[in-house]
>>> print(open('input_0.txt').read())   # compact mmCIF, C-alpha atoms
# COMPACT_ATOMS: atom_id res chain seq x y z
CA MET A 1 96.29 110.89 58.18
CA ARG A 2 93.14 110.74 60.28
CA SER A 3 92.34 107.25 58.95
CA LEU A 4 95.86 106.06 59.82
CA ILE A 5 95.47 107.32 63.40
CA THR A 6 92.08 105.60 63.68
CA VAL A 7 93.57 102.32 62.47
CA PHE A 8 96.51 102.66 64.91
CA VAL A 9 94.17 103.27 67.88
CA ALA A 10 92.01 100.30 66.89
CA LEU A 11 95.05 98.03 66.65
CA LEU A 12 96.37 99.28 70.00
CA CYS A 13 93.04 98.58 71.72
CA ALA A 14 92.90 95.12 70.17
CA ALA A 15 96.40 94.35 71.38
CA THR A 16 95.77 95.62 74.94
CA PRO A 17 94.06 92.97 77.09
CA MET A 18 90.83 94.09 78.73
CA ALA A 19 90.99 94.54 82.52
CA ALA A 20 89.81 91.38 84.16
CA ALA A 21 86.35 91.65 85.71
CA GLU A 22 86.26 91.63 89.47
CA PRO A 23 85.63 88.04 90.57
CA LEU A 24 82.38 87.52 92.43
CA PRO A 25 82.93 86.96 96.15
CA THR A 26 82.50 83.42 97.42
CA PRO A 27 81.36 82.59 100.94
CA VAL A 28 83.58 81.20 103.68
CA ALA A 29 82.08 78.78 106.21
CA ILE A 30 82.22 80.09 109.79
CA GLU A 31 81.52 78.35 113.11
CA ILE A 32 80.38 80.48 116.04
CA PRO A 33 80.18 78.89 119.52
CA SER A 34 76.85 79.81 121.09
CA GLY A 35 75.78 78.22 124.36
CA GLY A 36 75.27 74.51 123.85
CA TYR A 37 75.59 74.44 120.07
CA VAL A 38 77.64 75.79 117.20
CA LEU A 39 76.05 78.42 114.99
CA HIS A 40 77.10 77.82 111.39
CA ALA A 41 77.28 80.83 109.09
CA GLN A 42 78.52 81.92 105.68
CA LEU A 43 80.74 84.98 105.40
CA TYR A 44 81.24 87.25 102.38
CA ARG A 45 84.03 89.83 102.59
CA PRO A 46 85.51 92.47 100.32
CA GLY A 47 89.19 92.18 99.50
CA GLY A 48 91.68 93.72 101.88
CA ALA A 49 92.17 93.81 105.61
CA GLY A 50 89.33 96.16 106.48
CA PRO A 51 87.90 97.12 108.85
CA PHE A 52 84.55 96.91 107.07
CA PRO A 53 80.97 97.80 107.93
CA THR A 54 79.17 94.47 108.30
CA VAL A 55 75.62 93.26 107.69
CA ILE A 56 74.13 90.26 109.50
CA GLY A 57 71.67 88.72 107.02
CA LEU A 58 68.74 86.69 108.35
CA HIS A 59 67.22 84.05 106.07
CA GLY A 60 63.52 83.35 105.70
CA CYS A 61 61.58 80.19 106.59
CA GLY A 62 63.02 78.31 103.59
CA GLY A 63 66.46 78.34 105.21
CA LEU A 64 69.83 79.64 104.07
CA ALA A 65 71.19 76.79 101.95
CA GLY A 66 69.93 74.84 98.95
CA ARG A 67 70.43 71.20 98.05
CA SER A 68 73.75 71.86 96.34
CA GLU A 69 74.71 75.37 97.44
CA PRO A 70 75.59 76.86 100.83
CA VAL A 71 73.65 80.06 100.15
CA LEU A 72 70.43 80.37 98.17
CA PRO A 73 70.46 82.81 95.23
CA ARG A 74 68.32 85.44 96.99
CA TYR A 75 70.85 85.89 99.81
CA ARG A 76 73.88 85.35 97.59
CA ASP A 77 72.75 88.10 95.21
CA TRP A 78 72.24 90.56 98.05
CA ALA A 79 75.55 89.58 99.68
CA GLN A 80 77.40 90.21 96.43
CA GLU A 81 75.73 93.60 96.03
CA LEU A 82 76.66 94.59 99.57
CA VAL A 83 80.25 93.43 99.13
CA LYS A 84 80.52 95.60 96.01
CA ASP A 85 79.39 98.45 98.24
CA GLY A 86 82.30 97.78 100.60
CA LYS A 87 80.47 95.78 103.26
CA ALA A 88 81.08 92.33 104.72
CA VAL A 89 78.04 90.06 105.09
CA LEU A 90 77.56 87.34 107.71
CA LEU A 91 74.68 84.92 107.08
CA PRO A 92 73.86 82.75 110.13
CA ASP A 93 72.15 79.44 109.34
CA SER A 94 69.62 79.15 112.15
CA TYR A 95 68.02 75.95 110.80
CA GLY A 96 70.99 74.02 109.47
CA SER A 97 72.91 74.68 112.71
CA ARG A 98 70.18 72.79 114.54
CA GLY A 99 69.86 69.97 112.01
CA LEU A 100 66.61 71.33 110.59
CA GLY A 101 65.41 71.84 107.05
CA PRO A 102 62.92 74.45 105.81
CA GLN A 103 60.35 75.49 108.40
CA CYS A 104 57.72 77.29 106.32
CA ARG A 105 55.02 74.65 106.68
CA VAL A 106 56.08 72.99 109.90
CA LYS A 107 53.12 73.11 112.27
CA GLU A 108 55.10 72.78 115.50
CA ARG A 109 58.15 74.94 114.91
CA ARG A 110 61.17 74.34 117.11
CA ILE A 111 62.74 77.70 116.24
CA SER A 112 61.15 80.87 117.57
CA GLY A 113 61.85 84.22 115.99
CA ARG A 114 61.85 86.00 119.32
CA ARG A 115 64.00 83.43 121.15
CA GLU A 116 66.35 81.16 119.17
CA ARG A 117 66.74 83.46 116.20
CA VAL A 118 67.34 86.51 118.36
CA ALA A 119 69.93 84.45 120.26
CA ASP A 120 71.62 83.71 116.94
CA ILE A 121 71.67 87.42 116.13
CA VAL A 122 73.30 88.23 119.46
CA ALA A 123 75.87 85.42 119.00
CA ALA A 124 76.72 86.66 115.50
CA GLN A 125 77.13 90.22 116.76
CA LYS A 126 79.39 89.10 119.63
CA TRP A 127 81.56 87.16 117.19
CA LEU A 128 81.87 90.16 114.89
CA THR A 129 83.08 92.40 117.70
CA GLN A 130 86.06 90.03 118.07
CA GLN A 131 87.11 90.24 114.42
CA SER A 132 89.81 92.76 113.48
CA TRP A 133 88.36 93.21 109.99
CA ALA A 134 84.87 94.22 111.26
CA MET A 135 83.91 97.69 112.48
CA PRO A 136 82.11 97.01 115.78
CA ASP A 137 80.13 100.25 115.60
CA ARG A 138 78.97 99.61 112.01
CA VAL A 139 77.13 96.29 112.29
CA SER A 140 73.64 96.35 110.76
CA LEU A 141 70.83 93.82 110.41
CA MET A 142 68.99 92.79 107.26
CA GLY A 143 66.29 90.13 107.16
CA TRP A 144 63.72 88.55 104.84
CA ALA A 145 60.25 87.28 105.78
CA SER A 146 60.57 85.27 109.02
CA GLY A 147 64.16 86.52 109.33
CA ALA A 148 62.81 90.07 109.12
CA SER A 149 60.26 89.20 111.81
CA ALA A 150 63.11 88.03 114.07
CA LEU A 151 64.89 91.30 113.30
CA LEU A 152 61.87 93.24 114.61
CA TRP A 153 62.27 91.45 117.96
CA ALA A 154 66.02 92.00 118.00
CA VAL A 155 65.79 95.81 117.71
CA ARG A 156 63.13 96.32 120.38
CA PRO A 157 64.21 98.40 123.40
CA GLN A 158 63.11 95.54 125.67
CA LEU A 159 65.63 93.03 124.31
CA PRO A 160 67.17 91.59 127.51
CA GLU A 161 70.62 91.09 125.98
CA HIS A 162 72.43 92.93 123.24
CA VAL A 163 76.02 93.79 122.55
CA LEU A 164 77.47 97.29 122.77
CA PRO A 165 78.09 99.16 120.58
CA ASP A 166 74.58 98.51 119.33
CA PHE A 167 73.49 97.80 115.77
CA ARG A 168 73.90 100.72 113.43
CA SER A 169 70.63 100.17 111.57
CA ALA A 170 68.21 97.50 110.36
CA VAL A 171 66.35 96.65 107.13
CA ALA A 172 63.36 94.28 107.16
CA PHE A 173 62.03 92.85 103.90
CA TYR A 174 58.35 91.86 104.09
CA PRO A 175 58.20 90.81 107.77
CA ASP A 176 55.14 89.42 109.53
CA CYS A 177 54.19 92.54 111.50
CA ARG A 178 50.93 91.23 112.97
CA ALA A 179 52.30 90.29 116.39
CA SER A 180 54.51 93.37 116.69
CA SER A 181 51.78 95.80 115.62
CA GLY A 182 49.59 94.62 118.50
CA LEU A 183 52.33 94.84 121.13
CA GLY A 184 53.30 98.49 120.93
CA TRP A 185 56.44 97.80 118.92
CA SER A 186 59.25 100.33 118.78
CA ALA A 187 62.93 100.20 117.82
CA ARG A 188 66.12 101.33 119.52
CA VAL A 189 68.01 101.59 116.19
CA PRO A 190 66.93 103.10 112.84
CA THR A 191 64.74 100.51 111.12
CA LEU A 192 63.48 100.40 107.52
CA VAL A 193 60.61 98.10 106.46
CA LEU A 194 60.14 97.24 102.76
CA ILE A 195 57.03 95.35 101.65
CA GLY A 196 54.89 94.93 98.54
CA GLY A 197 51.45 96.51 98.59
CA LEU A 198 49.98 93.29 97.15
CA ASP A 199 51.80 91.00 99.62
CA ASP A 200 49.21 88.39 100.59
CA VAL A 201 51.64 86.19 102.51
CA TYR A 202 51.93 88.75 105.30
CA SER A 203 50.09 92.02 105.94
CA PRO A 204 51.20 95.42 104.61
CA PRO A 205 48.50 97.19 106.70
CA ALA A 206 49.86 95.57 109.87
CA CYS A 207 53.37 96.82 109.03
CA ARG A 208 52.02 100.30 108.37
CA GLN A 209 50.18 100.23 111.70
CA MET A 210 53.33 99.03 113.48
CA ILE A 211 55.50 101.82 112.04
CA ASP A 212 52.87 104.53 112.55
CA GLY A 213 52.40 103.42 116.16
CA ALA A 214 56.13 103.67 116.87
CA ARG A 215 56.44 107.33 115.94
CA GLY A 216 57.39 109.60 118.79
CA ARG A 217 58.66 106.84 121.06
CA SER A 218 61.20 105.08 118.88
CA ALA A 219 64.41 105.50 116.96
CA LEU A 220 63.92 106.51 113.35
CA THR A 221 61.56 104.11 111.55
CA ARG A 222 60.34 104.15 107.97
CA ILE A 223 58.14 101.95 105.82
CA VAL A 224 58.09 101.77 102.03
CA VAL A 225 55.15 99.96 100.43
CA TYR A 226 55.57 99.13 96.74
CA PRO A 227 52.02 99.34 95.28
CA GLY A 228 52.24 96.66 92.58
CA ALA A 229 54.69 94.29 94.26
CA TYR A 230 54.12 90.91 95.91
CA HIS A 231 56.04 88.85 98.46
CA ASP A 232 59.64 88.08 97.44
CA PHE A 233 59.66 91.12 95.14
CA ASP A 234 63.45 91.50 95.50
CA ARG A 235 64.28 88.07 94.10
CA ILE A 236 65.72 87.93 90.59
CA ASP A 237 63.82 86.23 87.74
CA LEU A 238 61.08 84.69 89.88
CA PRO A 239 57.88 84.59 87.80
CA LEU A 240 54.82 85.73 89.71
CA HIS A 241 52.79 82.72 90.82
CA GLN A 242 50.46 81.55 93.53
CA VAL A 243 52.04 79.28 96.10
CA ALA A 244 50.79 75.73 95.67
CA GLY A 245 51.72 72.21 96.64
CA ALA A 246 53.52 71.08 99.75
CA ASP A 247 56.94 72.67 99.26
CA ALA A 248 58.36 73.03 102.77
CA ALA A 249 60.52 75.94 101.57
CA ALA A 250 57.56 78.00 100.31
CA PRO A 251 55.01 80.05 102.27
CA GLU A 252 51.75 78.37 103.14
CA ARG A 253 49.66 80.81 101.10
CA GLY A 254 49.71 83.81 98.81
CA HIS A 255 51.63 84.90 95.75
CA VAL A 256 55.38 85.34 95.24
CA GLY A 257 57.31 86.92 92.42
CA SER A 258 59.94 89.39 91.29
CA ASP A 259 59.34 93.08 90.71
CA PRO A 260 62.42 94.57 88.99
CA ASP A 261 61.39 98.18 89.61
CA ALA A 262 60.75 97.60 93.30
CA ARG A 263 64.01 95.65 93.63
CA ALA A 264 66.00 98.47 91.97
CA ASP A 265 64.46 101.04 94.28
CA ALA A 266 65.04 98.82 97.31
CA GLN A 267 68.73 98.44 96.37
CA LYS A 268 69.17 102.22 96.45
CA LEU A 269 67.20 102.62 99.69
CA VAL A 270 69.17 99.84 101.39
CA SER A 271 72.49 101.36 100.32
CA ASP A 272 71.45 104.79 101.62
CA TRP A 273 70.02 103.39 104.87
CA LEU A 274 73.11 101.34 105.68
CA ALA A 275 75.36 104.30 104.92
CA ARG A 276 73.89 106.32 107.81
>>> encode(input="input_0.txt", output="structure tokens")
Amino acid sequence: MRSLITVFVALLCAATPMAAAEPLPTPVAIEIPSGGYVLHAQLYRPGGAGPFPTVIGLHGCGGLAGRSEPVLPRYRDWAQELVKDGKAVLLPDSYGSRGLGPQCRVKERRISGRRERVADIVAAQKWLTQQSWAMPDRVSLMGWASGASALLWAVRPQLPEHVLPDFRSAVAFYPDCRASSGLGWSARVPTLVLIGGLDDVYSPPACRQMIDGARGRSALTRIVVYPGAYHDFDRIDLPLHQVAGADAAAPERGHVGSDPDARADAQKLVSDWLAR
């Protein structure tokens, strides 16, 4: 009898189609008027009408798009993770909107982190406050490398223009903290900095100094330094290597490479930080 029941259950399972896997979200191109130009962006959204918490993601010096894709894998992977967590993600393209390619090795950069990129952040935030599907009091910032450096400027108390309600929180992956650490940096919103202890593109000690110096005169700030990790530790399947050649989308110096353990920990920290 038991064997007959086992066979019946097996046949029933075989005859019942498996639930279809949730399709991965695809980005929608967005145009945001901003002064004398149009800020192009890519938007990822969960299904439904919302309203959703939203993250403004800020690309690094290599830009947002690839040769054949509107969003590079690093940002696409994070956007998909955040969407699974119930958040919308808006990715402004600061370089492509101005007709520029990667800016990592450009000697005379036309885009400043503290001016043009902060202006893009403000424009993106203003646009989000006008969208019925976005929660205006739950807009956070997340940036990588030079995008994270721009984020540090955008959350300073001295920012001359920002939209109310203010950002909920901010997460900066391996920013260049050297300028901010020497200028008495502080933040008006909770800010988390994540960087590899072996990052030789930027300076973990400068980020530690920046965060330590902000205590007592800032919103909540925290730094996590991953001892064995390098720059770009949160990218998937990037073998560790020293930057070489003249790739305009790569840093000028140092090592880059994935660290699965650091990435997994960062995913949990980011989820917890954005849930505040």
>>> closest_atom_pairs(input="input_0.txt", of="stretch 235-254 of chain A", to="stretch 126-145 of chain A", cutoff="12 Å", atoms="only C-alpha atoms", output="Markdown table")
| residue | atom | partner | partner_atom | distance |
| --- | --- | --- | --- | --- |
| A:Arg235 | CA | A:Trp144 | CA | 10.8 |
| A:Ala250 | CA | A:Ala145 | CA | 11.1 |
| A:Pro251 | CA | A:Ala145 | CA | 9.6 |
>>> write_last_selection(input="input_0.txt", atoms="C-alpha atoms", output="PDB file, keeping the file's coordinate frame")
ATOM      1  CA  ARG A 235      64.280  88.070  94.100  1.00  0.00           C
ATOM      2  CA  ALA A 250      57.560  78.000 100.310  1.00  0.00           C
ATOM      3  CA  PRO A 251      55.010  80.050 102.270  1.00  0.00           C
TER       4      PRO A 251
END
>>> closest_atom_pairs(input="input_0.txt", of="stretch 109-197 of chain A", to="stretch 256-273 of chain A", cutoff="9 Å", atoms="all atoms listed in the file", output="tab-separated table")
residue	atom	partner	partner_atom	distance
A:Ser169	CA	A:Trp273	CA	7.5
A:Ala170	CA	A:Trp273	CA	8.3
A:Val171	CA	A:Val270	CA	7.1
A:Pro190	CA	A:Trp273	CA	8.6
A:Thr191	CA	A:Trp273	CA	8.7
A:Leu192	CA	A:Trp273	CA	7.7
A:Leu194	CA	A:Ala266	CA	7.5
A:Gly196	CA	A:Ala262	CA	8.3
>>> write_last_selection(input="input_0.txt", atoms="C-alpha atoms", output="compact mmCIF listing (two decimals), in the frame of the given file")
# COMPACT_ATOMS: atom_id res chain seq x y z
CA SER A 169 70.63 100.17 111.57
CA ALA A 170 68.21 97.50 110.36
CA VAL A 171 66.35 96.65 107.13
CA PRO A 190 66.93 103.10 112.84
CA THR A 191 64.74 100.51 111.12
CA LEU A 192 63.48 100.40 107.52
CA LEU A 194 60.14 97.24 102.76
CA GLY A 196 54.89 94.93 98.54
>>> residues_around(input="input_0.txt", residues="A:Ala249", least_positions_apart="4", cutoff="6 Å", atoms="only C-alpha atoms", output="VMD selection string")
chain A and resid 62 102 104
>>> atom_distance(input="input_0.txt", atom1="atom CA of A:Leu183", atom2="atom CA of A:Arg276")
27.8 Å
>>> closest_residue(input="input_0.txt", among="A:Cys61, A:Ala246, A:Val122, A:Leu240", to="A:Gln103", atoms="only C-alpha atoms")
A:Cys61
>>> closest_residue(input="input_0.txt", among="A:Leu274, A:Leu220, A:Leu159, A:Leu58", to="A:Gly147", atoms="all atoms listed in the file")
A:Leu58
>>> residues_near_point(input="input_0.txt", point="(71.4, 92.2, 125.3)", cutoff="12 Å", atoms="all atoms listed in the file", output="list in words")
Val118, Ala119, Asp120, Ile121, Val122, Ala123, Gln125, Lys126, Trp153, Ala154, Val155, Arg156, Pro157, Gln158, Leu159, Pro160, Glu161, His162, Val163, Leu164, Pro165, Asp166 and Phe167 of chain A
>>> residues_around(input="input_0.txt", residues="A:Ile32", least_positions_apart="3", cutoff="9 Å", atoms="all atoms listed in the file", output="list in words")
Tyr37, Val38, Leu39, His40, Ala41, Ala123, Ala124 and Trp127 of chain A
>>> write_last_selection(input="input_0.txt", atoms="C-alpha atoms", output="PDB file, in the frame of the given file")
ATOM      1  CA  TYR A  37      75.590  74.440 120.070  1.00  0.00           C
ATOM      2  CA  VAL A  38      77.640  75.790 117.200  1.00  0.00           C
ATOM      3  CA  LEU A  39      76.050  78.420 114.990  1.00  0.00           C
ATOM      4  CA  HIS A  40      77.100  77.820 111.390  1.00  0.00           C
ATOM      5  CA  ALA A  41      77.280  80.830 109.090  1.00  0.00           C
ATOM      6  CA  ALA A 123      75.870  85.420 119.000  1.00  0.00           C
ATOM      7  CA  ALA A 124      76.720  86.660 115.500  1.00  0.00           C
ATOM      8  CA  TRP A 127      81.560  87.160 117.190  1.00  0.00           C
TER       9      TRP A 127
END
>>> atom_distance(input="input_0.txt", atom1="atom CA of A:Cys207", atom2="atom CA of A:Gly57")
20.1 Å
>>> closest_residue(input="input_0.txt", among="A:Arg168, A:Arg217, A:Arg117, A:His59", to="A:Trp185", atoms="all atoms listed in the file")
A:Arg217
>>> atom_distance(input="input_0.txt", atom1="atom CA of A:Asp212", atom2="atom CA of A:Ser112")
25.6 Å
>>> closest_residue(input="input_0.txt", among="A:Ile195, A:Ala88, A:Leu152, A:Ile211", to="A:Phe233", atoms="only C-alpha atoms")
A:Ile195
>>> closest_residue(input="input_0.txt", among="A:Leu151, A:Val83, A:Met210, A:Val189", to="A:Cys177", atoms="only C-alpha atoms")
A:Met210
>>> residues_around(input="input_0.txt", residues="A:Tyr202", least_positions_apart="2", cutoff="12 Å", atoms="only C-alpha atoms", output="ChimeraX atom specification")
/A:144-146,148-149,173-179,195-200,204-208,230-232,251-256
>>> axis_aligned_box(input="input_0.txt", around="stretch 167-177 of chain A", padding_each_side="8 Å", output="lines of an AutoDock Vina configuration file")
center_x = 64.0
center_y = 95.1
center_z = 109.8
size_x = 35.7
size_y = 27.3
size_z = 27.9
>>> build_atoms(input="input_0.txt", residues="stretch 68-79 of chain A", atoms="all heavy atoms", output="compact mmCIF listing (two decimals), in the frame of the given file")
# COMPACT_ATOMS: atom_id res chain seq x y z
N SER A 68 72.37 71.98 96.82
CA SER A 68 73.75 71.86 96.34
C SER A 68 74.54 73.16 96.50
O SER A 68 75.60 73.30 95.91
CB SER A 68 73.75 71.45 94.87
OG SER A 68 73.05 72.40 94.09
N GLU A 69 74.03 74.09 97.28
CA GLU A 69 74.71 75.37 97.44
C GLU A 69 74.57 75.85 98.88
O GLU A 69 73.51 75.69 99.49
CB GLU A 69 74.15 76.40 96.46
CG GLU A 69 72.62 76.51 96.51
CD GLU A 69 72.06 77.26 95.31
OE1 GLU A 69 72.84 77.86 94.56
OE2 GLU A 69 70.83 77.22 95.14
N PRO A 70 75.63 76.44 99.43
CA PRO A 70 75.59 76.86 100.83
C PRO A 70 74.73 78.08 101.08
O PRO A 70 74.31 78.32 102.21
CB PRO A 70 77.06 77.16 101.15
CG PRO A 70 77.66 77.53 99.83
CD PRO A 70 76.94 76.68 98.82
N VAL A 71 74.46 78.85 100.01
CA VAL A 71 73.65 80.06 100.15
C VAL A 71 72.70 80.14 98.96
O VAL A 71 73.13 80.06 97.80
CB VAL A 71 74.55 81.33 100.17
CG1 VAL A 71 73.68 82.58 100.27
CG2 VAL A 71 75.54 81.27 101.34
N LEU A 72 71.42 80.26 99.23
CA LEU A 72 70.43 80.37 98.17
C LEU A 72 70.62 81.66 97.37
O LEU A 72 71.14 82.65 97.89
CB LEU A 72 69.02 80.33 98.76
CG LEU A 72 68.56 78.98 99.32
CD1 LEU A 72 67.25 79.12 100.08
CD2 LEU A 72 68.41 77.96 98.19
N PRO A 73 70.19 81.66 96.09
CA PRO A 73 70.46 82.81 95.23
C PRO A 73 69.99 84.15 95.79
O PRO A 73 70.67 85.16 95.61
CB PRO A 73 69.72 82.46 93.93
CG PRO A 73 69.72 80.96 93.90
CD PRO A 73 69.58 80.54 95.34
N ARG A 74 68.83 84.17 96.45
CA ARG A 74 68.32 85.44 96.99
C ARG A 74 69.34 86.12 97.90
O ARG A 74 69.64 87.31 97.78
CB ARG A 74 67.03 85.20 97.77
CG ARG A 74 66.42 86.46 98.37
CD ARG A 74 65.72 86.18 99.70
NE ARG A 74 64.93 84.98 99.67
CZ ARG A 74 63.59 84.97 99.74
NH1 ARG A 74 62.93 86.10 99.83
NH2 ARG A 74 62.93 83.84 99.75
N TYR A 75 69.90 85.33 98.83
CA TYR A 75 70.85 85.89 99.81
C TYR A 75 72.23 86.08 99.19
O TYR A 75 72.93 87.05 99.51
CB TYR A 75 70.92 84.96 101.02
CG TYR A 75 69.55 84.57 101.52
CD1 TYR A 75 69.13 83.23 101.51
CD2 TYR A 75 68.64 85.54 101.93
CE1 TYR A 75 67.86 82.88 101.93
CE2 TYR A 75 67.35 85.19 102.34
CZ TYR A 75 66.97 83.85 102.34
OH TYR A 75 65.71 83.51 102.74
N ARG A 76 72.61 85.19 98.27
CA ARG A 76 73.88 85.35 97.59
C ARG A 76 73.90 86.63 96.77
O ARG A 76 74.88 87.39 96.80
CB ARG A 76 74.13 84.15 96.67
CG ARG A 76 75.44 84.20 95.89
CD ARG A 76 75.39 83.23 94.73
NE ARG A 76 74.38 83.61 93.74
CZ ARG A 76 73.67 82.75 93.03
NH1 ARG A 76 73.84 81.44 93.17
NH2 ARG A 76 72.77 83.19 92.15
N ASP A 77 72.80 86.91 96.04
CA ASP A 77 72.75 88.10 95.21
C ASP A 77 72.86 89.37 96.06
O ASP A 77 73.59 90.31 95.70
CB ASP A 77 71.45 88.13 94.41
CG ASP A 77 71.36 87.01 93.38
OD1 ASP A 77 72.42 86.48 93.00
OD2 ASP A 77 70.24 86.67 92.97
N TRP A 78 72.16 89.40 97.18
CA TRP A 78 72.24 90.56 98.05
C TRP A 78 73.63 90.68 98.68
O TRP A 78 74.19 91.78 98.79
CB TRP A 78 71.18 90.49 99.15
CG TRP A 78 69.90 91.16 98.75
CD1 TRP A 78 68.72 90.56 98.43
CD2 TRP A 78 69.67 92.56 98.63
NE1 TRP A 78 67.77 91.50 98.11
CE2 TRP A 78 68.33 92.74 98.23
CE3 TRP A 78 70.47 93.69 98.81
CZ2 TRP A 78 67.76 94.01 98.01
CZ3 TRP A 78 69.91 94.95 98.59
CH2 TRP A 78 68.57 95.09 98.20
N ALA A 79 74.20 89.55 99.08
CA ALA A 79 75.55 89.58 99.68
C ALA A 79 76.55 90.15 98.68
O ALA A 79 77.41 90.97 99.03
CB ALA A 79 75.96 88.19 100.13
